[in-house]
Structure formats: structure tokens, C-alpha cells
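Worksheet: one structure, shown below.
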Amino acid sequence: MKRFFFISIVIICWACSNDDDKTEDPIFCTEEARPGLEITVKDASDSAFLVEGVEVVITDGDYKETLESFTGSNTFFGAYERTGTYIVTVRKTNYETKTSDPIVVDKDICHVITKNVEVLLEKI
């Protein structure tokens, strides 16, 4: 009986120690901040990019951010490394204001997963 008990303990310990031998590949994350949203705005009639004078605002509950476009870019960026469910509102003089349906931004193990959204504005 003692021998059976001892063998059982040895087998259990061996099985447990083998779980530790299963190592996963290390994960290397970059230190860059990634935007949760990238918004392009176009004229609905001719698909021309609209940047000048465009206001893009995102909200997620109490959170509110006005997105910026960098010089030489046709895209507005925001929600850096921030998950959430966003409503995008786009305004431009002489165009109808456009409000999106909710857009969910998730993340992977390292960063947010950027959502690319195209908004078409119609002239008034």
C-alpha cells in the first residue's frame, strides 16, 4: 500500500512538473501609441478628401475628444491606446453634420486594434 501511494505521488509530481516545461513564445510589444480610430472625410458627390475646416469629435460615455489631422495627411487620428464604444460626429460649414453608429475599438495583447472609418459628407 505504501508503495502504491509513493508511486502515485511520484506520477502526480512528474505530471505537474511537465506543465512547467510548456513555455510559450515571448511576446514583444512596441512602445508606440496606436490610434483607436482613423477617420477619413470625403465629399459625397465627388469623393474628394475634406480636411480643411472639418471638425471630427468622438465620444464614449463621458469621454470626448476632438481628433486632429497631421500636415500632409487626409486622416484624422484619435483615441490613442483607448478601447471603447465611440460615436463619431463630423461637421463642416456648408455640409450636413454626420453622426455615426457606435464603433467598438478593442485591443489585442499589446495595442488597440485601429478602426478605419470613412465618412461621406453631403453638401447643403
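Naming scheme: A, B, ... for chains in displayed order of the C-alpha cells; residues 1 onward per chain; ligands 1 onward as shown.
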Exercise: Glu81 of chain A partners within 7 Å, only C-alpha atoms, chain neighbours under 3 positions left out, as a tab-separated table (two decimals) with N, CA, C and O atoms, in the first residue's frame:
chain	number	residue	atom	x	y	z
A	33	ALA	N	2.38	54.49	-29.52
A	33	ALA	CA	0.96	54.63	-29.19
A	33	ALA	C	0.18	54.56	-30.49
A	33	ALA	O	0.45	55.31	-31.43
A	34	ARG	N	-0.78	53.66	-30.55
A	34	ARG	CA	-1.57	53.49	-31.77
A	34	ARG	C	-2.95	54.11	-31.59
A	34	ARG	O	-3.56	54.00	-30.52
A	35	PRO	N	-3.46	54.71	-32.67
A	35	PRO	CA	-4.80	55.30	-32.57
A	35	PRO	C	-5.88	54.22	-32.60
A	35	PRO	O	-5.76	53.24	-33.33
A	36	GLY	N	-6.90	54.44	-31.81
A	36	GLY	CA	-8.05	53.54	-31.87
A	36	GLY	C	-8.91	53.81	-33.08
A	36	GLY	O	-9.57	52.93	-33.61
A	111	HIS	N	-1.77	46.36	-28.12
A	111	HIS	CA	-2.28	47.66	-28.52
A	111	HIS	C	-3.77	47.59	-28.86
A	111	HIS	O	-4.31	46.51	-29.04
A	112	VAL	N	-4.34	48.79	-29.05
A	112	VAL	CA	-5.70	48.83	-29.58
A	112	VAL	C	-5.66	48.36	-31.03
A	112	VAL	O	-4.63	48.43	-31.70
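Proximity of A:Ala79, A:Val51, A:Val41, A:Val105 to Lys64 of chain A, computed with only C-alpha atoms, is greatest for A:Ala79.
Of the listed residues A:Arg91, A:Cys110, A:Leu120, A:Lys115, the one whose atoms come nearest to Phe28 of chain A is A:Cys110, with distances taken using only C-alpha atoms.
The shortest atom-to-atom distance to Tyr95 of chain A, with only C-alpha atoms taken into account, belongs to A:Gly53 out of A:Asn116, A:Thr30, A:Gly53, A:Thr40.
Residues lying within 8 Å of Thr66 of chain A, counting only C-alpha atoms and ignoring same-chain neighbours fewer than 6 positions away, are Glu55, Val56, Val57, Ile58 and Gly78 of chain A.
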For the residues in the current selection, export N, CA and C atoms as a PDB file, in the first residue's frame.
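What landed in again.pdb:
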ATOM      1  N   GLU A  55     -14.369  69.377 -38.529  1.00  0.00           N
ATOM      2  CA  GLU A  55     -14.276  69.058 -37.103  1.00  0.00           C
ATOM      3  C   GLU A  55     -14.758  67.627 -36.905  1.00  0.00           C
ATOM      4  N   VAL A  56     -13.890  66.801 -36.329  1.00  0.00           N
ATOM      5  CA  VAL A  56     -14.231  65.405 -36.037  1.00  0.00           C
ATOM      6  C   VAL A  56     -14.152  65.226 -34.522  1.00  0.00           C
ATOM      7  N   VAL A  57     -15.297  64.879 -33.923  1.00  0.00           N
ATOM      8  CA  VAL A  57     -15.374  64.701 -32.471  1.00  0.00           C
ATOM      9  C   VAL A  57     -15.836  63.275 -32.194  1.00  0.00           C
ATOM     10  N   ILE A  58     -15.128  62.612 -31.257  1.00  0.00           N
ATOM     11  CA  ILE A  58     -15.543  61.279 -30.841  1.00  0.00           C
ATOM     12  C   ILE A  58     -15.967  61.331 -29.378  1.00  0.00           C
ATOM     13  N   GLY A  78      -7.251  59.586 -33.439  1.00  0.00           N
ATOM     14  CA  GLY A  78      -7.580  59.801 -32.034  1.00  0.00           C
ATOM     15  C   GLY A  78      -7.807  58.507 -31.285  1.00  0.00           C
TER      16      GLY A  78
END
With a distance cut-off of 9 Å and only C-alpha atoms, select the neighbouring residues of Lys92 of chain A, excluding the residue or stretch itself and same-chain residues fewer than 5 positions from it, and output the selection as a list in words.
Leu50, Glu52, Gly53, Val54, Glu55, Thr97 and Leu121 of chain A
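Between atom CA of Asp101 of chain A and atom CA of Gly84 of chain A the interatomic distance comes to 13.3 Å.
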With only C-alpha atoms as the basis for distance, which of A:Leu37, A:Phe70, A:Pro102, A:Asp46 is at the shortest distance from Arg82 of chain A?
A:Leu37
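Going from atom CA of Thr114 of chain A over to atom CA of Glu38 of chain A, you cover 7.0 Å.
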Shell around Thr99 of chain A at 9 Å using only C-alpha atoms, local window under 6 positions removed, as a list in words:
Ile87, Val88, Thr89 and Val90 of chain A
Keeping only N, CA and C atoms, write the selected residues as a JSON list (two decimals), in the first residue's frame.
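Saved result, out.json, follows:
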[["chain", "number", "residue", "atom", "x", "y", "z"],
["A", 87, "ILE", "N", -18.94, 57.17, -30.69],
["A", 87, "ILE", "CA", -19.81, 57.82, -31.65],
["A", 87, "ILE", "C", -18.96, 58.92, -32.29],
["A", 88, "VAL", "N", -18.93, 58.95, -33.62],
["A", 88, "VAL", "CA", -18.15, 59.94, -34.35],
["A", 88, "VAL", "C", -19.10, 60.97, -34.94],
["A", 89, "THR", "N", -18.82, 62.25, -34.69],
["A", 89, "THR", "CA", -19.60, 63.34, -35.25],
["A", 89, "THR", "C", -18.67, 64.20, -36.09],
["A", 90, "VAL", "N", -19.07, 64.44, -37.34],
["A", 90, "VAL", "CA", -18.24, 65.21, -38.28],
["A", 90, "VAL", "C", -19.04, 66.43, -38.75]]
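The gap separating atom CA of Asp60 of chain A from atom CA of Asn94 of chain A is 26.8 Å, in Å to one decimal.
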Residue set, segment 24-116 of chain A restricted to strand (DSSP E or B), as a PDB file with N, CA, C and O atoms, in the first residue's frame:
ATOM      1  N   PRO A  35      -3.462  54.710 -32.668  1.00  0.00           N
ATOM      2  CA  PRO A  35      -4.798  55.301 -32.573  1.00  0.00           C
ATOM      3  C   PRO A  35      -5.877  54.218 -32.601  1.00  0.00           C
ATOM      4  O   PRO A  35      -5.759  53.238 -33.331  1.00  0.00           O
ATOM      5  N   GLY A  36      -6.901  54.440 -31.814  1.00  0.00           N
ATOM      6  CA  GLY A  36      -8.052  53.535 -31.866  1.00  0.00           C
ATOM      7  C   GLY A  36      -8.911  53.809 -33.083  1.00  0.00           C
ATOM      8  O   GLY A  36      -9.569  52.927 -33.608  1.00  0.00           O
ATOM      9  N   LEU A  37      -8.906  55.072 -33.532  1.00  0.00           N
ATOM     10  CA  LEU A  37      -9.707  55.467 -34.689  1.00  0.00           C
ATOM     11  C   LEU A  37      -8.885  56.268 -35.682  1.00  0.00           C
ATOM     12  O   LEU A  37      -8.098  57.140 -35.299  1.00  0.00           O
ATOM     13  N   GLU A  38      -9.075  55.956 -36.951  1.00  0.00           N
ATOM     14  CA  GLU A  38      -8.547  56.731 -38.063  1.00  0.00           C
ATOM     15  C   GLU A  38      -9.742  57.060 -38.951  1.00  0.00           C
ATOM     16  O   GLU A  38     -10.382  56.161 -39.492  1.00  0.00           O
ATOM     17  N   ILE A  39     -10.045  58.344 -39.065  1.00  0.00           N
ATOM     18  CA  ILE A  39     -11.247  58.784 -39.785  1.00  0.00           C
ATOM     19  C   ILE A  39     -10.836  59.562 -41.027  1.00  0.00           C
ATOM     20  O   ILE A  39     -10.062  60.516 -40.936  1.00  0.00           O
ATOM     21  N   THR A  40     -11.361  59.160 -42.184  1.00  0.00           N
ATOM     22  CA  THR A  40     -11.206  59.963 -43.391  1.00  0.00           C
ATOM     23  C   THR A  40     -12.561  60.558 -43.727  1.00  0.00           C
ATOM     24  O   THR A  40     -13.604  59.915 -43.547  1.00  0.00           O
ATOM     25  N   VAL A  41     -12.543  61.798 -44.185  1.00  0.00           N
ATOM     26  CA  VAL A  41     -13.774  62.513 -44.507  1.00  0.00           C
ATOM     27  C   VAL A  41     -13.712  62.893 -45.982  1.00  0.00           C
ATOM     28  O   VAL A  41     -12.702  63.444 -46.442  1.00  0.00           O
ATOM     29  N   LYS A  42     -14.796  62.588 -46.709  1.00  0.00           N
ATOM     30  CA  LYS A  42     -14.846  62.880 -48.142  1.00  0.00           C
ATOM     31  C   LYS A  42     -16.157  63.560 -48.499  1.00  0.00           C
ATOM     32  O   LYS A  42     -17.176  63.377 -47.820  1.00  0.00           O
ATOM     33  N   ASP A  43     -16.108  64.299 -49.591  1.00  0.00           N
ATOM     34  CA  ASP A  43     -17.311  64.885 -50.177  1.00  0.00           C
ATOM     35  C   ASP A  43     -18.091  63.746 -50.833  1.00  0.00           C
ATOM     36  O   ASP A  43     -17.526  62.993 -51.637  1.00  0.00           O
ATOM     37  N   PHE A  49     -11.198  64.354 -50.736  1.00  0.00           N
ATOM     38  CA  PHE A  49     -10.916  64.399 -49.312  1.00  0.00           C
ATOM     39  C   PHE A  49     -11.243  65.776 -48.760  1.00  0.00           C
ATOM     40  O   PHE A  49     -10.970  66.792 -49.394  1.00  0.00           O
ATOM     41  N   GLU A  55     -14.369  69.377 -38.529  1.00  0.00           N
ATOM     42  CA  GLU A  55     -14.276  69.058 -37.103  1.00  0.00           C
ATOM     43  C   GLU A  55     -14.758  67.627 -36.905  1.00  0.00           C
ATOM     44  O   GLU A  55     -15.880  67.284 -37.295  1.00  0.00           O
ATOM     45  N   VAL A  56     -13.890  66.801 -36.329  1.00  0.00           N
ATOM     46  CA  VAL A  56     -14.231  65.405 -36.037  1.00  0.00           C
ATOM     47  C   VAL A  56     -14.152  65.226 -34.522  1.00  0.00           C
ATOM     48  O   VAL A  56     -13.092  65.400 -33.922  1.00  0.00           O
ATOM     49  N   VAL A  57     -15.297  64.879 -33.923  1.00  0.00           N
ATOM     50  CA  VAL A  57     -15.374  64.701 -32.471  1.00  0.00           C
ATOM     51  C   VAL A  57     -15.836  63.275 -32.194  1.00  0.00           C
ATOM     52  O   VAL A  57     -16.793  62.788 -32.802  1.00  0.00           O
ATOM     53  N   ILE A  58     -15.128  62.612 -31.257  1.00  0.00           N
ATOM     54  CA  ILE A  58     -15.543  61.279 -30.841  1.00  0.00           C
ATOM     55  C   ILE A  58     -15.967  61.331 -29.378  1.00  0.00           C
ATOM     56  O   ILE A  58     -15.410  62.088 -28.587  1.00  0.00           O
ATOM     57  N   THR A  59     -16.980  60.533 -29.046  1.00  0.00           N
ATOM     58  CA  THR A  59     -17.429  60.432 -27.654  1.00  0.00           C
ATOM     59  C   THR A  59     -17.607  58.962 -27.294  1.00  0.00           C
ATOM     60  O   THR A  59     -17.959  58.131 -28.135  1.00  0.00           O
ATOM     61  N   ASP A  60     -17.336  58.687 -26.037  1.00  0.00           N
ATOM     62  CA  ASP A  60     -17.544  57.356 -25.453  1.00  0.00           C
ATOM     63  C   ASP A  60     -17.995  57.608 -24.024  1.00  0.00           C
ATOM     64  O   ASP A  60     -17.162  57.841 -23.146  1.00  0.00           O
ATOM     65  N   TYR A  63     -16.379  60.520 -22.044  1.00  0.00           N
ATOM     66  CA  TYR A  63     -15.129  60.838 -22.738  1.00  0.00           C
ATOM     67  C   TYR A  63     -15.445  61.555 -24.049  1.00  0.00           C
ATOM     68  O   TYR A  63     -16.311  61.135 -24.820  1.00  0.00           O
ATOM     69  N   LYS A  64     -14.710  62.634 -24.326  1.00  0.00           N
ATOM     70  CA  LYS A  64     -14.891  63.396 -25.563  1.00  0.00           C
ATOM     71  C   LYS A  64     -13.529  63.855 -26.053  1.00  0.00           C
ATOM     72  O   LYS A  64     -12.704  64.323 -25.265  1.00  0.00           O
ATOM     73  N   GLU A  65     -13.297  63.708 -27.359  1.00  0.00           N
ATOM     74  CA  GLU A  65     -12.020  64.110 -27.943  1.00  0.00           C
ATOM     75  C   GLU A  65     -12.258  64.674 -29.337  1.00  0.00           C
ATOM     76  O   GLU A  65     -13.020  64.109 -30.120  1.00  0.00           O
ATOM     77  N   THR A  66     -11.586  65.782 -29.635  1.00  0.00           N
ATOM     78  CA  THR A  66     -11.582  66.330 -30.990  1.00  0.00           C
ATOM     79  C   THR A  66     -10.346  65.794 -31.682  1.00  0.00           C
ATOM     80  O   THR A  66      -9.221  66.009 -31.231  1.00  0.00           O
ATOM     81  N   GLU A  68      -7.421  65.145 -34.538  1.00  0.00           N
ATOM     82  CA  GLU A  68      -6.541  66.014 -35.310  1.00  0.00           C
ATOM     83  C   GLU A  68      -6.057  65.292 -36.557  1.00  0.00           C
ATOM     84  O   GLU A  68      -5.948  64.073 -36.592  1.00  0.00           O
ATOM     85  N   SER A  69      -5.771  66.099 -37.573  1.00  0.00           N
ATOM     86  CA  SER A  69      -5.163  65.606 -38.799  1.00  0.00           C
ATOM     87  C   SER A  69      -3.783  66.234 -38.892  1.00  0.00           C
ATOM     88  O   SER A  69      -3.622  67.433 -38.671  1.00  0.00           O
ATOM     89  N   THR A  75      -6.246  62.092 -43.021  1.00  0.00           N
ATOM     90  CA  THR A  75      -6.866  61.268 -41.986  1.00  0.00           C
ATOM     91  C   THR A  75      -6.819  61.968 -40.636  1.00  0.00           C
ATOM     92  O   THR A  75      -5.845  62.624 -40.291  1.00  0.00           O
ATOM     93  N   PHE A  76      -7.895  61.802 -39.876  1.00  0.00           N
ATOM     94  CA  PHE A  76      -7.975  62.313 -38.502  1.00  0.00           C
ATOM     95  C   PHE A  76      -7.723  61.137 -37.565  1.00  0.00           C
ATOM     96  O   PHE A  76      -8.274  60.058 -37.750  1.00  0.00           O
ATOM     97  N   PHE A  77      -6.882  61.371 -36.546  1.00  0.00           N
ATOM     98  CA  PHE A  77      -6.465  60.301 -35.637  1.00  0.00           C
ATOM     99  C   PHE A  77      -6.885  60.620 -34.211  1.00  0.00           C
ATOM    100  O   PHE A  77      -6.829  61.773 -33.784  1.00  0.00           O
ATOM    101  N   GLY A  78      -7.251  59.586 -33.439  1.00  0.00           N
ATOM    102  CA  GLY A  78      -7.580  59.801 -32.034  1.00  0.00           C
ATOM    103  C   GLY A  78      -7.807  58.507 -31.285  1.00  0.00           C
ATOM    104  O   GLY A  78      -7.637  57.418 -31.820  1.00  0.00           O
ATOM    105  N   ALA A  79      -8.207  58.653 -30.030  1.00  0.00           N
ATOM    106  CA  ALA A  79      -8.438  57.524 -29.115  1.00  0.00           C
ATOM    107  C   ALA A  79      -7.183  56.654 -29.020  1.00  0.00           C
ATOM    108  O   ALA A  79      -7.244  55.430 -29.079  1.00  0.00           O
ATOM    109  N   TYR A  80      -6.037  57.313 -28.833  1.00  0.00           N
ATOM    110  CA  TYR A  80      -4.773  56.585 -28.770  1.00  0.00           C
ATOM    111  C   TYR A  80      -4.761  55.631 -27.580  1.00  0.00           C
ATOM    112  O   TYR A  80      -4.960  56.040 -26.448  1.00  0.00           O
ATOM    113  N   GLY A  84     -13.030  51.315 -26.380  1.00  0.00           N
ATOM    114  CA  GLY A  84     -14.316  51.918 -26.055  1.00  0.00           C
ATOM    115  C   GLY A  84     -15.307  51.755 -27.183  1.00  0.00           C
ATOM    116  O   GLY A  84     -15.012  51.157 -28.226  1.00  0.00           O
ATOM    117  N   THR A  85     -16.480  52.289 -26.963  1.00  0.00           N
ATOM    118  CA  THR A  85     -17.533  52.308 -27.976  1.00  0.00           C
ATOM    119  C   THR A  85     -17.784  53.767 -28.308  1.00  0.00           C
ATOM    120  O   THR A  85     -18.298  54.519 -27.474  1.00  0.00           O
ATOM    121  N   TYR A  86     -17.404  54.151 -29.511  1.00  0.00           N
ATOM    122  CA  TYR A  86     -17.361  55.561 -29.894  1.00  0.00           C
ATOM    123  C   TYR A  86     -18.477  55.942 -30.852  1.00  0.00           C
ATOM    124  O   TYR A  86     -18.854  55.159 -31.728  1.00  0.00           O
ATOM    125  N   ILE A  87     -18.937  57.171 -30.690  1.00  0.00           N
ATOM    126  CA  ILE A  87     -19.813  57.818 -31.655  1.00  0.00           C
ATOM    127  C   ILE A  87     -18.965  58.916 -32.291  1.00  0.00           C
ATOM    128  O   ILE A  87     -18.335  59.712 -31.592  1.00  0.00           O
ATOM    129  N   VAL A  88     -18.933  58.946 -33.622  1.00  0.00           N
ATOM    130  CA  VAL A  88     -18.147  59.937 -34.354  1.00  0.00           C
ATOM    131  C   VAL A  88     -19.103  60.971 -34.937  1.00  0.00           C
ATOM    132  O   VAL A  88     -20.084  60.618 -35.598  1.00  0.00           O
ATOM    133  N   THR A  89     -18.820  62.248 -34.687  1.00  0.00           N
ATOM    134  CA  THR A  89     -19.603  63.343 -35.253  1.00  0.00           C
ATOM    135  C   THR A  89     -18.667  64.198 -36.093  1.00  0.00           C
ATOM    136  O   THR A  89     -17.609  64.617 -35.623  1.00  0.00           O
ATOM    137  N   VAL A  90     -19.067  64.436 -37.344  1.00  0.00           N
ATOM    138  CA  VAL A  90     -18.244  65.207 -38.277  1.00  0.00           C
ATOM    139  C   VAL A  90     -19.036  66.425 -38.746  1.00  0.00           C
ATOM    140  O   VAL A  90     -20.183  66.287 -39.191  1.00  0.00           O
ATOM    141  N   ARG A  91     -18.399  67.605 -38.656  1.00  0.00           N
ATOM    142  CA  ARG A  91     -19.021  68.863 -39.063  1.00  0.00           C
ATOM    143  C   ARG A  91     -18.104  69.624 -40.013  1.00  0.00           C
ATOM    144  O   ARG A  91     -16.885  69.610 -39.853  1.00  0.00           O
ATOM    145  N   TYR A  95     -21.958  71.775 -45.161  1.00  0.00           N
ATOM    146  CA  TYR A  95     -22.209  70.341 -45.284  1.00  0.00           C
ATOM    147  C   TYR A  95     -23.130  69.912 -44.144  1.00  0.00           C
ATOM    148  O   TYR A  95     -23.151  70.534 -43.079  1.00  0.00           O
ATOM    149  N   LYS A  98     -22.723  64.801 -39.816  1.00  0.00           N
ATOM    150  CA  LYS A  98     -22.891  63.347 -39.881  1.00  0.00           C
ATOM    151  C   LYS A  98     -22.502  62.735 -38.541  1.00  0.00           C
ATOM    152  O   LYS A  98     -21.457  63.065 -37.975  1.00  0.00           O
ATOM    153  N   THR A  99     -23.359  61.854 -38.023  1.00  0.00           N
ATOM    154  CA  THR A  99     -23.098  61.140 -36.775  1.00  0.00           C
ATOM    155  C   THR A  99     -23.136  59.645 -37.058  1.00  0.00           C
ATOM    156  O   THR A  99     -24.078  59.148 -37.681  1.00  0.00           O
ATOM    157  N   ILE A 103     -19.100  52.615 -32.779  1.00  0.00           N
ATOM    158  CA  ILE A 103     -17.928  51.928 -33.326  1.00  0.00           C
ATOM    159  C   ILE A 103     -17.129  51.384 -32.147  1.00  0.00           C
ATOM    160  O   ILE A 103     -16.679  52.146 -31.292  1.00  0.00           O
ATOM    161  N   VAL A 104     -16.956  50.075 -32.103  1.00  0.00           N
ATOM    162  CA  VAL A 104     -16.250  49.431 -30.990  1.00  0.00           C
ATOM    163  C   VAL A 104     -14.768  49.301 -31.324  1.00  0.00           C
ATOM    164  O   VAL A 104     -14.402  48.766 -32.367  1.00  0.00           O
ATOM    165  N   VAL A 105     -13.932  49.811 -30.417  1.00  0.00           N
ATOM    166  CA  VAL A 105     -12.483  49.678 -30.547  1.00  0.00           C
ATOM    167  C   VAL A 105     -12.020  48.695 -29.465  1.00  0.00           C
ATOM    168  O   VAL A 105     -12.214  48.946 -28.273  1.00  0.00           O
ATOM    169  N   LYS A 107      -8.821  45.709 -28.230  1.00  0.00           N
ATOM    170  CA  LYS A 107      -7.365  45.652 -28.179  1.00  0.00           C
ATOM    171  C   LYS A 107      -6.912  44.213 -28.271  1.00  0.00           C
ATOM    172  O   LYS A 107      -7.661  43.274 -27.997  1.00  0.00           O
ATOM    173  N   VAL A 112      -4.344  48.785 -29.046  1.00  0.00           N
ATOM    174  CA  VAL A 112      -5.702  48.827 -29.575  1.00  0.00           C
ATOM    175  C   VAL A 112      -5.664  48.361 -31.027  1.00  0.00           C
ATOM    176  O   VAL A 112      -4.632  48.433 -31.696  1.00  0.00           O
ATOM    177  N   LYS A 115      -9.554  51.095 -35.842  1.00  0.00           N
ATOM    178  CA  LYS A 115     -10.706  51.048 -36.743  1.00  0.00           C
ATOM    179  C   LYS A 115     -10.555  52.186 -37.742  1.00  0.00           C
ATOM    180  O   LYS A 115     -10.355  53.337 -37.359  1.00  0.00           O
ATOM    181  N   ASN A 116     -10.643  51.856 -39.025  1.00  0.00           N
ATOM    182  CA  ASN A 116     -10.602  52.847 -40.093  1.00  0.00           C
ATOM    183  C   ASN A 116     -12.035  53.130 -40.529  1.00  0.00           C
ATOM    184  O   ASN A 116     -12.761  52.201 -40.883  1.00  0.00           O
TER     185      ASN A 116
END
Using only C-alpha atoms, the residue out of A:Ile113, A:Cys29, A:Val119, A:Leu67 with shortest distance to Ala48 of chain A is A:Val119
